[in-house]
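Colleague: Please find work.cif (mmCIF, C-alpha atoms and all ligand atoms) on the next line:
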data_structure
#
loop_
_atom_site.label_atom_id
_atom_site.label_comp_id
_atom_site.auth_asym_id
_atom_site.auth_seq_id
_atom_site.Cartn_x
_atom_site.Cartn_y
_atom_site.Cartn_z
CA MET A 1 -10.58 -11.88 -8.02
CA LYS A 2 -8.66 -8.60 -7.98
CA ARG A 3 -11.30 -6.92 -10.10
CA ILE A 4 -14.32 -7.94 -8.00
CA ALA A 5 -12.60 -6.79 -4.79
CA ALA A 6 -11.55 -3.46 -6.32
CA GLU A 7 -14.95 -2.74 -7.84
CA LYS A 8 -16.71 -3.56 -4.54
CA ALA A 9 -14.56 -0.98 -2.73
CA VAL A 10 -15.55 1.71 -5.21
CA GLU A 11 -19.16 1.35 -4.00
CA TYR A 12 -18.13 3.22 -0.81
CA ILE A 13 -17.14 6.34 -2.73
CA GLU A 14 -19.64 9.19 -2.72
CA ASP A 15 -20.03 12.57 -4.38
CA GLY A 16 -17.72 15.25 -3.02
CA MET A 17 -15.18 12.87 -1.47
CA ILE A 18 -11.41 13.28 -1.43
CA VAL A 19 -10.17 9.82 -2.40
CA GLY A 20 -6.72 8.34 -1.79
CA LEU A 21 -5.66 6.21 -4.74
CA GLY A 22 -3.28 3.35 -3.92
CA THR A 23 -0.80 1.69 -6.22
CA GLY A 24 -0.61 -1.67 -7.99
CA SER A 25 -2.40 -4.04 -10.33
CA THR A 26 -5.46 -4.51 -8.08
CA ILE A 27 -6.04 -0.82 -7.55
CA LYS A 28 -5.88 -0.27 -11.29
CA TYR A 29 -9.33 -1.90 -11.55
CA ALA A 30 -10.69 0.51 -8.93
CA ILE A 31 -9.26 3.50 -10.78
CA LYS A 32 -10.79 2.33 -14.05
CA LYS A 33 -14.19 1.90 -12.39
CA LEU A 34 -13.89 5.33 -10.78
CA GLY A 35 -13.06 6.79 -14.20
CA GLU A 36 -16.33 5.34 -15.56
CA LEU A 37 -18.29 6.82 -12.64
CA VAL A 38 -16.62 10.22 -13.08
CA SER A 39 -17.59 10.21 -16.76
CA GLU A 40 -21.18 9.59 -15.60
CA GLY A 41 -21.09 12.60 -13.25
CA LEU A 42 -19.50 11.46 -9.96
CA GLN A 43 -17.60 14.39 -8.46
CA ILE A 44 -14.50 13.42 -6.53
CA GLN A 45 -10.87 14.45 -6.28
CA GLY A 46 -8.15 11.81 -6.10
CA ILE A 47 -4.80 11.86 -4.32
CA PRO A 48 -2.43 9.40 -6.03
CA THR A 49 0.15 7.49 -4.00
CA SER A 50 2.63 7.11 -6.88
CA LEU A 51 3.60 8.57 -10.23
CA GLN A 52 2.28 5.38 -11.85
CA THR A 53 -1.16 5.85 -10.27
CA LYS A 54 -1.13 9.56 -11.14
CA LYS A 55 -0.62 8.62 -14.80
CA ILE A 56 -3.42 6.03 -14.80
CA ALA A 57 -5.83 8.38 -12.98
CA LYS A 58 -5.10 11.14 -15.49
CA GLN A 59 -5.79 8.74 -18.37
CA GLU A 60 -9.15 8.01 -16.73
CA ASN A 61 -9.88 11.77 -16.41
CA ILE A 62 -10.15 11.62 -12.62
CA PRO A 63 -9.64 15.11 -11.15
CA LEU A 64 -6.55 15.11 -8.92
CA THR A 65 -5.46 17.09 -5.91
CA THR A 66 -2.67 16.84 -3.33
CA LEU A 67 -2.37 16.03 0.36
CA ASP A 68 -1.04 19.55 0.89
CA GLU A 69 -4.30 20.98 -0.44
CA HIS A 70 -6.47 18.37 1.33
CA PRO A 71 -4.73 17.07 4.46
CA VAL A 72 -7.78 15.01 5.43
CA ILE A 73 -8.76 12.23 3.03
CA ASP A 74 -12.30 10.82 3.18
CA ILE A 75 -11.46 7.34 1.94
CA THR A 76 -8.48 5.52 0.47
CA ILE A 77 -8.51 2.32 -1.55
CA ASP A 78 -5.21 0.48 -1.80
CA GLY A 79 -3.80 -2.99 -2.40
CA ALA A 80 -1.47 -5.09 -0.24
CA ASP A 81 1.07 -7.88 -0.52
CA GLU A 82 0.04 -9.69 2.67
CA VAL A 83 -2.89 -9.30 5.08
CA ASP A 84 -3.21 -11.00 8.48
CA SER A 85 -6.32 -11.59 10.58
CA ASN A 86 -5.67 -8.38 12.60
CA LEU A 87 -5.87 -6.37 9.34
CA ASN A 88 -2.16 -5.63 9.53
CA LEU A 89 -0.34 -5.59 6.22
CA ILE A 90 2.87 -5.85 4.32
CA LYS A 91 2.90 -3.34 1.48
CA GLY A 92 5.49 -1.98 -0.90
CA GLY A 93 5.75 -4.62 -3.59
CA GLY A 94 5.23 -1.76 -6.01
CA GLY A 95 7.71 0.45 -4.17
CA ALA A 96 5.15 3.08 -3.14
CA LEU A 97 4.98 2.20 0.58
CA THR A 98 6.04 5.58 1.99
CA ARG A 99 3.46 7.64 0.12
CA GLU A 100 0.88 4.90 0.67
CA LYS A 101 1.48 4.95 4.42
CA ILE A 102 1.29 8.75 4.64
CA VAL A 103 -1.99 8.71 2.71
CA ALA A 104 -3.37 5.83 4.85
CA TYR A 105 -2.49 7.69 8.06
CA HIS A 106 -4.42 10.78 6.94
CA SER A 107 -7.47 8.86 5.69
CA LYS A 108 -10.71 8.64 7.64
CA ILE A 109 -11.34 5.24 6.06
CA GLU A 110 -8.69 2.90 4.61
CA ILE A 111 -10.00 0.02 2.51
CA ILE A 112 -7.62 -2.66 1.25
CA VAL A 113 -8.46 -4.77 -1.78
CA VAL A 114 -6.72 -8.08 -2.40
CA ASP A 115 -7.22 -11.46 -3.97
CA GLU A 116 -7.42 -14.45 -1.65
CA THR A 117 -3.75 -15.43 -2.14
CA LYS A 118 -2.69 -12.38 -0.06
CA VAL A 119 -4.40 -13.49 3.17
CA VAL A 120 -1.82 -15.12 5.49
CA LYS A 121 -1.64 -16.53 9.02
CA SER A 122 1.53 -14.56 9.83
CA LEU A 123 3.06 -11.62 8.03
CA GLY A 124 6.40 -12.23 6.33
CA ILE A 125 5.72 -15.86 5.41
CA ASP A 126 5.41 -15.37 1.67
CA PHE A 127 6.58 -11.84 1.03
CA PRO A 128 9.77 -9.97 1.98
CA LEU A 129 9.25 -6.77 3.95
CA PRO A 130 10.17 -3.74 1.80
CA VAL A 131 12.07 -0.95 3.55
CA GLU A 132 12.68 2.40 1.83
CA VAL A 133 16.12 3.81 2.69
CA VAL A 134 18.10 6.87 1.65
CA LYS A 135 20.99 6.14 -0.71
CA PHE A 136 23.61 7.62 1.63
CA GLY A 137 25.07 4.84 3.76
CA TRP A 138 22.62 2.23 2.47
CA LYS A 139 25.07 -0.65 3.00
CA ALA A 140 25.40 0.28 6.68
CA THR A 141 21.59 0.53 6.92
CA LYS A 142 21.38 -2.93 5.30
CA LYS A 143 23.72 -4.33 7.96
CA SER A 144 21.54 -2.90 10.72
CA LEU A 145 18.47 -4.50 9.14
CA GLU A 146 20.25 -7.88 8.96
CA GLU A 147 20.54 -7.77 12.77
CA PHE A 148 16.80 -8.54 12.88
CA GLY A 149 17.69 -11.99 11.52
CA CYS A 150 16.42 -11.44 7.99
CA ASN A 151 18.09 -11.80 4.61
CA VAL A 152 18.28 -8.35 3.00
CA GLU A 153 18.47 -7.65 -0.75
CA LEU A 154 18.74 -4.34 -2.56
CA ARG A 155 15.79 -4.19 -4.97
CA THR A 156 16.96 -3.94 -8.58
CA ILE A 157 15.32 -3.49 -11.93
CA MET A 158 17.24 -4.45 -15.09
CA ASN A 159 20.42 -4.87 -13.00
CA GLU A 160 20.20 -1.31 -11.66
CA PRO A 161 18.98 -0.29 -8.20
CA TYR A 162 15.25 0.38 -8.17
CA ILE A 163 14.59 4.05 -7.33
CA THR A 164 11.39 5.06 -5.56
CA ASP A 165 9.30 8.12 -6.48
CA ASN A 166 11.06 9.81 -3.53
CA GLY A 167 14.52 9.12 -5.01
CA ASN A 168 15.46 6.38 -2.51
CA TYR A 169 16.38 2.67 -2.56
CA ILE A 170 14.29 -0.29 -1.41
CA LEU A 171 15.80 -3.05 0.74
CA ASP A 172 13.67 -6.22 0.71
CA CYS A 173 13.95 -8.09 4.02
CA GLU A 174 13.12 -11.78 3.93
CA PHE A 175 11.95 -13.20 7.26
CA ASP A 176 10.75 -16.75 7.97
CA ARG A 177 7.81 -15.04 9.62
CA ILE A 178 7.29 -11.80 11.53
CA GLU A 179 6.45 -12.64 15.15
CA ASN A 180 5.68 -9.16 16.43
CA PRO A 181 4.85 -6.76 13.58
CA GLU A 182 4.03 -3.79 15.87
CA GLU A 183 7.45 -3.92 17.53
CA LEU A 184 9.31 -4.57 14.29
CA GLU A 185 7.66 -1.62 12.57
CA ARG A 186 8.82 0.73 15.35
CA GLU A 187 12.33 -0.73 15.61
CA ILE A 188 13.04 -0.62 11.87
CA ASN A 189 11.88 2.98 11.64
CA SER A 190 14.27 3.95 14.45
CA ILE A 191 17.33 3.08 12.30
CA PRO A 192 18.87 6.25 10.81
CA GLY A 193 18.65 6.07 7.02
CA VAL A 194 15.33 4.22 7.04
CA VAL A 195 12.62 6.36 5.50
CA GLU A 196 9.70 3.97 6.09
CA ASN A 197 8.91 0.27 6.15
CA GLY A 198 6.07 -1.67 4.58
CA LEU A 199 4.41 -2.84 7.80
CA PHE A 200 0.98 -1.18 8.05
CA ILE A 201 -0.22 -1.63 11.63
CA GLY A 202 -3.64 -0.48 12.81
CA LEU A 203 -4.23 1.68 9.75
CA VAL A 204 -6.89 -0.40 8.03
CA ASP A 205 -10.69 -0.30 8.45
CA ASP A 206 -11.66 -3.02 6.03
CA VAL A 207 -10.10 -5.61 3.75
CA ILE A 208 -12.14 -6.73 0.77
CA VAL A 209 -10.95 -10.11 -0.47
CA GLY A 210 -11.84 -11.33 -3.94
CA SER A 211 -12.05 -15.12 -3.83
CA LYS A 212 -13.19 -17.86 -6.20
CA ARG A 213 -16.44 -17.99 -4.21
CA GLY A 214 -17.00 -14.22 -4.39
CA ILE A 215 -16.29 -11.38 -1.97
CA ILE A 216 -15.30 -11.75 1.69
CA THR A 217 -14.78 -8.75 3.99
CA LEU A 218 -12.45 -9.06 6.96
CA GLY A 219 -13.03 -5.73 8.68
CA LYS A 220 -15.79 -3.78 10.31
CA GLU A 221 -18.85 -2.91 8.28
CA ILE A 222 -18.43 0.52 6.73
CA ALA A 223 -21.60 2.57 6.59
CA SER A 224 -22.44 3.76 3.09
CA SER A 225 -25.14 6.42 3.26
C1 LIG A 301 2.62 -0.91 -3.85
C2 LIG A 301 1.82 -1.81 -3.01
C3 LIG A 301 0.74 -2.59 -3.70
O1 LIG A 301 -0.48 -2.19 -3.20
C4 LIG A 301 0.97 -4.05 -3.45
O2 LIG A 301 2.27 -4.39 -3.91
C5 LIG A 301 -0.08 -4.94 -4.13
O3 LIG A 301 0.07 -4.84 -5.51
P1 LIG A 301 -0.83 -5.68 -6.51
O4 LIG A 301 -2.21 -5.19 -6.37
O5 LIG A 301 -0.21 -5.40 -7.86
O6 LIG A 301 -0.68 -7.14 -6.15
O7 LIG A 301 1.96 -1.91 -1.82
O8 LIG A 301 3.64 -0.30 -3.10
#
Would you mind writing the file's structure down as structure tokens?
Modeller:
Amino acid sequence: MKRIAAEKAVEYIEDGMIVGLGTGSTIKYAIKKLGELVSEGLQIQGIPTSLQTKKIAKQENIPLTTLDEHPVIDITIDGADEVDSNLNLIKGGGGALTREKIVAYHSKIEIIVVDETKVVKSLGIDFPLPVEVVKFGWKATKKSLEEFGCNVELRTIMNEPYITDNGNYILDCEFDRIENPEELEREINSIPGVVENGLFIGLVDDVIVGSKRGIITLGKEIASS
């Protein structure tokens, strides 16, 4: 399901485009497909959203560039942890939410690829909201996040704090459900020490869902000339 969604999204990529490359297991299929197309002559430049994606894209011989060199991205393909019917998302399961959000913001077209298990009625039901925070004062930042009524856990890996590509921590905030994602996104980002949170509001043009019955698209039709 992940593969069919990812490979469908690659059909929107055309010669000469600057392409944002998201992070995660779904997007890996898109990067592999892009690698095949590049070996057949497709000319693009990719902007990876994580060190992990940079490594995979290099293995696939995809030419890379940076957002500093190309501040306008033609199209980005990325994954998500939850998608609602307004095309709002929770992202950051892979810890790359800050770079992913910067890249999404500067993309003319943002396409999200998911399997059907990621489509939810309300954000926050199945997946905790990841919040990237600076290390300094993180326990105080955690307390401020708890005031939103969520249970907050420092993300760890092998009993050590998980460190993002930006050198920060991730606090995973477990809500029963997120009633007003627009407001919560703004309020969380106003806490000093918060770098970014994983709510993606109004940034997405299309969501391609791989399901057992095939592909479903939730967004507006994107013209492919
Ligand atoms: C990384 C992300 C990923 O896109 C998200 O976690 C989905 O990952 P996967 O495709 O492996 O399920 O937001 O920060």
Colleague: What's the separation between atom CA of Pro181 of chain A and atom CA of Arg155 of chain A, in Å to one decimal place?
Modeller: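 A separation of 21.7 Å between them.
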Colleague: So which one's closest to ligand LIG 301 (chain A), A:Gly41, A:Gly20, A:Gly137, A:Gly79? Using all atoms listed in the file, please.
Modeller: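 Checking each candidate against ligand LIG 301 (chain A), we get A:Gly79 as the closest.
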Colleague: Can you work out which residues are within 9 Å of ligand LIG 301 (chain A), considering all atoms listed in the file, and then hand them over as an mmCIF file with C-alpha atoms, in the frame of the given file?
Modeller:
data_model
loop_
_atom_site.group_PDB
_atom_site.id
_atom_site.type_symbol
_atom_site.label_atom_id
_atom_site.label_comp_id
_atom_site.auth_asym_id
_atom_site.auth_seq_id
_atom_site.Cartn_x
_atom_site.Cartn_y
_atom_site.Cartn_z
ATOM 1 C CA LYS A 2 -8.660 -8.600 -7.980
ATOM 2 C CA GLY A 22 -3.280 3.350 -3.920
ATOM 3 C CA THR A 23 -0.800 1.690 -6.220
ATOM 4 C CA GLY A 24 -0.610 -1.670 -7.990
ATOM 5 C CA SER A 25 -2.400 -4.040 -10.330
ATOM 6 C CA THR A 26 -5.460 -4.510 -8.080
ATOM 7 C CA ILE A 27 -6.040 -0.820 -7.550
ATOM 8 C CA LYS A 28 -5.880 -0.270 -11.290
ATOM 9 C CA THR A 49 0.150 7.490 -4.000
ATOM 10 C CA SER A 50 2.630 7.110 -6.880
ATOM 11 C CA ASP A 78 -5.210 0.480 -1.800
ATOM 12 C CA GLY A 79 -3.800 -2.990 -2.400
ATOM 13 C CA ALA A 80 -1.470 -5.090 -0.240
ATOM 14 C CA ASP A 81 1.070 -7.880 -0.520
ATOM 15 C CA GLU A 82 0.040 -9.690 2.670
ATOM 16 C CA ILE A 90 2.870 -5.850 4.320
ATOM 17 C CA LYS A 91 2.900 -3.340 1.480
ATOM 18 C CA GLY A 92 5.490 -1.980 -0.900
ATOM 19 C CA GLY A 93 5.750 -4.620 -3.590
ATOM 20 C CA GLY A 94 5.230 -1.760 -6.010
ATOM 21 C CA GLY A 95 7.710 0.450 -4.170
ATOM 22 C CA ALA A 96 5.150 3.080 -3.140
ATOM 23 C CA LEU A 97 4.980 2.200 0.580
ATOM 24 C CA THR A 98 6.040 5.580 1.990
ATOM 25 C CA ARG A 99 3.460 7.640 0.120
ATOM 26 C CA GLU A 100 0.880 4.900 0.670
ATOM 27 C CA ILE A 112 -7.620 -2.660 1.250
ATOM 28 C CA VAL A 113 -8.460 -4.770 -1.780
ATOM 29 C CA VAL A 114 -6.720 -8.080 -2.400
ATOM 30 C CA ASP A 115 -7.220 -11.460 -3.970
ATOM 31 C CA LYS A 118 -2.690 -12.380 -0.060
ATOM 32 C CA PRO A 130 10.170 -3.740 1.800
ATOM 33 C CA GLY A 198 6.070 -1.670 4.580
#
Colleague: Nearest to Ser107 of chain A: which of A:Leu203, A:Glu160, A:Asp165, A:Ile125 is it, counting only C-alpha atoms?
Modeller: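 Checking each candidate against Ser107 of chain A, we get A:Leu203 as the closest.
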Colleague: Nearest to Ile178 of chain A among A:Gln45, A:Ser85, A:Thr141, A:Ser122, with distances taken over all atoms listed in the file: which residue is it?
Modeller: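 Closest to Ile178 of chain A of all the choices is A:Ser122.
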Colleague: Using only C-alpha atoms, which of the listed residues (A:Glu14, A:Asp74, A:Glu147, A:Glu7) sits closest to Glu187 of chain A?
Modeller: A:Glu147
Colleague: What separation in Å, quoted to one decimal, exists between atom CA of Thr53 of chain A and atom CA of Glu11 of chain A?
Modeller: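 Taking atom CA of Thr53 of chain A as the start and atom CA of Glu11 of chain A as the end point, the length is 19.6 Å.
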